[in-house]
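Down below is the structure, laid out as structure tokens.
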Amino acid sequence: VAGKFDGELGAMAPLGFFDPLGLLADESQEQFDRLREVEIKHGRVSMLAVAGYLTTASGLRFPGCEDIPDGFASFPALYAQGVDGQNVLGQMVAFFAVAEIVNREATWAEGVKAEFPGDYRNGAIDYGWDKLSDEDKFNKRTI
């Protein structure tokens with residue numbers, strides 16, 4: 001069944017636009033953009049989480065934290081460490097909060113508009129993106 005989002009980035013053969021739960025049955029562009037942004041953010045967080053897990057699973061630790069286990073077992077172990085471990089947990093919560101706040105479109109900043117869902121550059125980080133042609137930008141986003 002052809003739909004509004006069949007031509008969107010990521011809709012490829014053999015499935016085309018795949019929405020088995022019918023989350024976009026009403027074909028709302030705003031809902032599609034929000035779900036696309038959430039998907040991109042979760043993918044980025046997952047990639048960082050895997051890198052962190054593999055680092056600790058390999059045995060690499062900060063000095064003084066050699067006895068802290070890897071994975072989810074680290075949370076109760078840090079809490080049991082006393083004040084120092086609880087401070088580390090507090091720093092982690094603060095980092096997650098700041099990361100969530102800054103990794104979104106800066107609607108409060110004048111002249112800053114996201115180019116596509118998941119574009120969190122906010123005019124601060126470029127790495128040459130703005131110099132690319134529209135075709136090159138599209139090709140990079142399809143990787």
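A note on labels: chains of the structure tokens are A, B, ... as shown, every chain counts residues from 1, and ligands are counted from 1 in their shown order.
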Inset, instruction - Identify, on the basis of only C-alpha atoms, every residue whose closest approach to Ala114 in chain A does not exceed 12 Å; exclude the query and any residue fewer than 4 positions from it along the same chain; express the result as a PyMOL selection string. - result: chain A and resi 33+37+103-107+109-110+118-124
Go ahead and save the picked residues with N, CA, C and O atoms, as a short mmCIF file (atom, residue, chain, number, x, y, z; two decimals), in the first residue's frame.
```cif
data_model
loop_
_atom_site.label_atom_id
_atom_site.label_comp_id
_atom_site.auth_asym_id
_atom_site.auth_seq_id
_atom_site.Cartn_x
_atom_site.Cartn_y
_atom_site.Cartn_z
N ASP A 33 8.45 13.05 11.94
CA ASP A 33 9.70 13.72 12.26
C ASP A 33 10.12 13.45 13.71
O ASP A 33 11.30 13.26 13.99
N GLU A 37 13.51 11.50 14.78
CA GLU A 37 14.49 12.10 15.69
C GLU A 37 14.77 11.18 16.87
O GLU A 37 15.93 10.99 17.26
N ASN A 103 21.45 18.25 23.52
CA ASN A 103 21.30 17.49 22.28
C ASN A 103 19.87 17.54 21.76
O ASN A 103 19.17 16.54 21.69
N ARG A 104 19.48 18.73 21.39
CA ARG A 104 18.17 18.96 20.78
C ARG A 104 18.27 20.25 19.98
O ARG A 104 19.21 21.00 20.14
N GLU A 105 17.30 20.46 19.15
CA GLU A 105 17.32 21.68 18.34
C GLU A 105 17.20 22.90 19.25
O GLU A 105 16.36 22.95 20.14
N ALA A 106 18.07 23.87 19.03
CA ALA A 106 18.09 25.09 19.86
C ALA A 106 17.04 26.06 19.35
O ALA A 106 17.35 27.05 18.68
N THR A 107 15.78 25.79 19.68
CA THR A 107 14.69 26.65 19.20
C THR A 107 14.74 28.03 19.84
O THR A 107 14.16 28.97 19.31
N ALA A 109 17.48 29.80 20.20
CA ALA A 109 18.54 30.59 19.58
C ALA A 109 18.07 31.13 18.23
O ALA A 109 17.56 30.36 17.40
N GLU A 110 18.24 32.40 18.03
CA GLU A 110 17.81 33.01 16.76
C GLU A 110 18.71 32.57 15.61
O GLU A 110 19.92 32.49 15.75
N GLY A 118 17.12 15.17 13.93
CA GLY A 118 18.36 14.63 14.46
C GLY A 118 19.56 15.53 14.23
O GLY A 118 20.68 15.19 14.60
N ASP A 119 19.36 16.68 13.62
CA ASP A 119 20.45 17.64 13.36
C ASP A 119 20.61 18.51 14.61
O ASP A 119 19.85 19.43 14.84
N TYR A 120 21.61 18.19 15.43
CA TYR A 120 21.83 18.91 16.68
C TYR A 120 23.06 19.80 16.62
O TYR A 120 23.63 20.14 17.66
N ARG A 121 23.50 20.18 15.44
CA ARG A 121 24.69 21.02 15.34
C ARG A 121 24.45 22.39 15.94
O ARG A 121 25.34 22.99 16.52
N ASN A 122 23.26 22.93 15.79
CA ASN A 122 22.87 24.21 16.38
C ASN A 122 23.84 25.34 16.05
O ASN A 122 24.06 26.24 16.84
N GLY A 123 24.44 25.27 14.88
CA GLY A 123 25.34 26.32 14.44
C GLY A 123 26.71 26.29 15.11
O GLY A 123 27.54 27.15 14.85
N ALA A 124 26.98 25.31 15.97
CA ALA A 124 28.23 25.28 16.71
C ALA A 124 29.26 24.35 16.09
O ALA A 124 30.44 24.65 16.04
#
```
Inset, instruction - Skip Arg141 in chain A itself and residues of its chain fewer than 4 positions away, then list as a ChimeraX atom specification all residues within 10 Å of it, counting only C-alpha atoms. - result: /A:9-10,116,135-137
Inset, instruction - Any chance you could list, as a ChimeraX atom specification, the residues in chain A that come up alpha helix (DSSP H) when DSSP is run on the backbone? - result: /A:29-57,74-80,83-102,134-141
Inset, instruction - Name the closest residue to Leu35 in chain A among the candidates A:Ile125, A:Leu23, A:Val112, A:Ala99; distances are taken between atoms, counting only C-alpha atoms. - result: A:Leu23
Inset, instruction - Could you jot down the CA of Gln86 in chain A to CA of Met47 in chain A separation for me, Å, one decimal place? - result: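 It comes out at 25.8 Å.
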Inset, instruction - Quote the spacing between CA of Val98 in chain A and CA of Glu66 in chain A in Å to one decimal place. - result: 27.4 Å
Identify, on the basis of only C-alpha atoms, every residue whose closest approach to Leu89 in chain A does not exceed 8 Å; exclude the query and any residue fewer than 3 positions from it along the same chain; express the result as a PDB file with N, CA, C and O atoms, in the first residue's frame.
```pdb
ATOM      1  N   PHE A  75      26.256  -0.288  38.948  1.00  0.00           N
ATOM      2  CA  PHE A  75      25.454   0.676  39.696  1.00  0.00           C
ATOM      3  C   PHE A  75      25.369   0.341  41.185  1.00  0.00           C
ATOM      4  O   PHE A  75      25.682   1.188  42.024  1.00  0.00           O
ATOM      5  N   LEU A  78      28.853   0.753  42.747  1.00  0.00           N
ATOM      6  CA  LEU A  78      29.239   2.149  42.999  1.00  0.00           C
ATOM      7  C   LEU A  78      28.512   2.696  44.219  1.00  0.00           C
ATOM      8  O   LEU A  78      29.111   3.394  45.051  1.00  0.00           O
ATOM      9  N   TYR A  79      27.246   2.384  44.340  1.00  0.00           N
ATOM     10  CA  TYR A  79      26.472   2.867  45.489  1.00  0.00           C
ATOM     11  C   TYR A  79      27.043   2.309  46.791  1.00  0.00           C
ATOM     12  O   TYR A  79      27.105   3.009  47.807  1.00  0.00           O
ATOM     13  N   GLY A  85      31.564   6.593  45.557  1.00  0.00           N
ATOM     14  CA  GLY A  85      30.765   5.922  44.532  1.00  0.00           C
ATOM     15  C   GLY A  85      29.450   6.631  44.279  1.00  0.00           C
ATOM     16  O   GLY A  85      28.998   6.745  43.135  1.00  0.00           O
ATOM     17  N   GLN A  86      28.833   7.157  45.341  1.00  0.00           N
ATOM     18  CA  GLN A  86      27.583   7.889  45.189  1.00  0.00           C
ATOM     19  C   GLN A  86      27.810   9.204  44.453  1.00  0.00           C
ATOM     20  O   GLN A  86      26.951   9.652  43.686  1.00  0.00           O
ATOM     21  N   MET A  92      27.114  11.064  36.985  1.00  0.00           N
ATOM     22  CA  MET A  92      26.536  10.419  35.810  1.00  0.00           C
ATOM     23  C   MET A  92      25.140  10.967  35.527  1.00  0.00           C
ATOM     24  O   MET A  92      24.802  11.277  34.378  1.00  0.00           O
ATOM     25  N   VAL A  93      24.331  11.114  36.568  1.00  0.00           N
ATOM     26  CA  VAL A  93      22.980  11.654  36.401  1.00  0.00           C
ATOM     27  C   VAL A  93      23.056  13.074  35.861  1.00  0.00           C
ATOM     28  O   VAL A  93      22.310  13.449  34.942  1.00  0.00           O
TER      29      VAL A  93
END
```
Inset, instruction - Kindly give the distance, in Å, that separates CA of Cys65 in chain A and CA of Gly90 in chain A, rounded to a single decimal. - result: 16.3 Å
Legend entry - Selected residue of minimal separation from Thr56 in chain A among A:Phe72, A:Gly43, A:Glu100, A:Gly16, counting only C-alpha atoms: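 Closest candidate: A:Phe72.
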Legend entry - Who sits within 12 Å of Leu24 in chain A, only C-alpha atoms, same chain under 6 positions skipped, as a PyMOL selection string: chain A and resi 3-6+17-18+30-36
Legend entry - Residue contacts of Tyr53 in chain A (12 Å, only C-alpha atoms) excluding same-chain residues fewer than 5 positions away, as a list in words: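 Here the answer would be Ser46, Met47, Leu48, Ser58, Gly59, Leu60, Arg61, Pro69, Asp70, Gly71, Phe72, Ala73 and Ser74 of chain A.
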Just-selected residues, C-alpha atoms written as a compact mmCIF listing (two decimals), in the first residue's frame:
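Below is the file that was written, out_34.txt:
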```txt
# COMPACT_ATOMS: atom_id res chain seq x y z
CA SER A 46 23.24 2.76 21.73
CA MET A 47 26.49 3.14 19.81
CA LEU A 48 28.08 5.00 22.74
CA SER A 58 37.98 -5.56 28.14
CA GLY A 59 39.19 -4.78 31.67
CA LEU A 60 40.06 -1.12 31.16
CA ARG A 61 39.26 0.84 34.33
CA PRO A 69 32.21 -4.81 37.77
CA ASP A 70 31.13 -4.01 34.24
CA GLY A 71 27.58 -3.64 32.94
CA PHE A 72 24.55 -2.99 35.11
CA ALA A 73 26.30 -4.57 38.11
CA SER A 74 28.38 -1.39 38.36
```
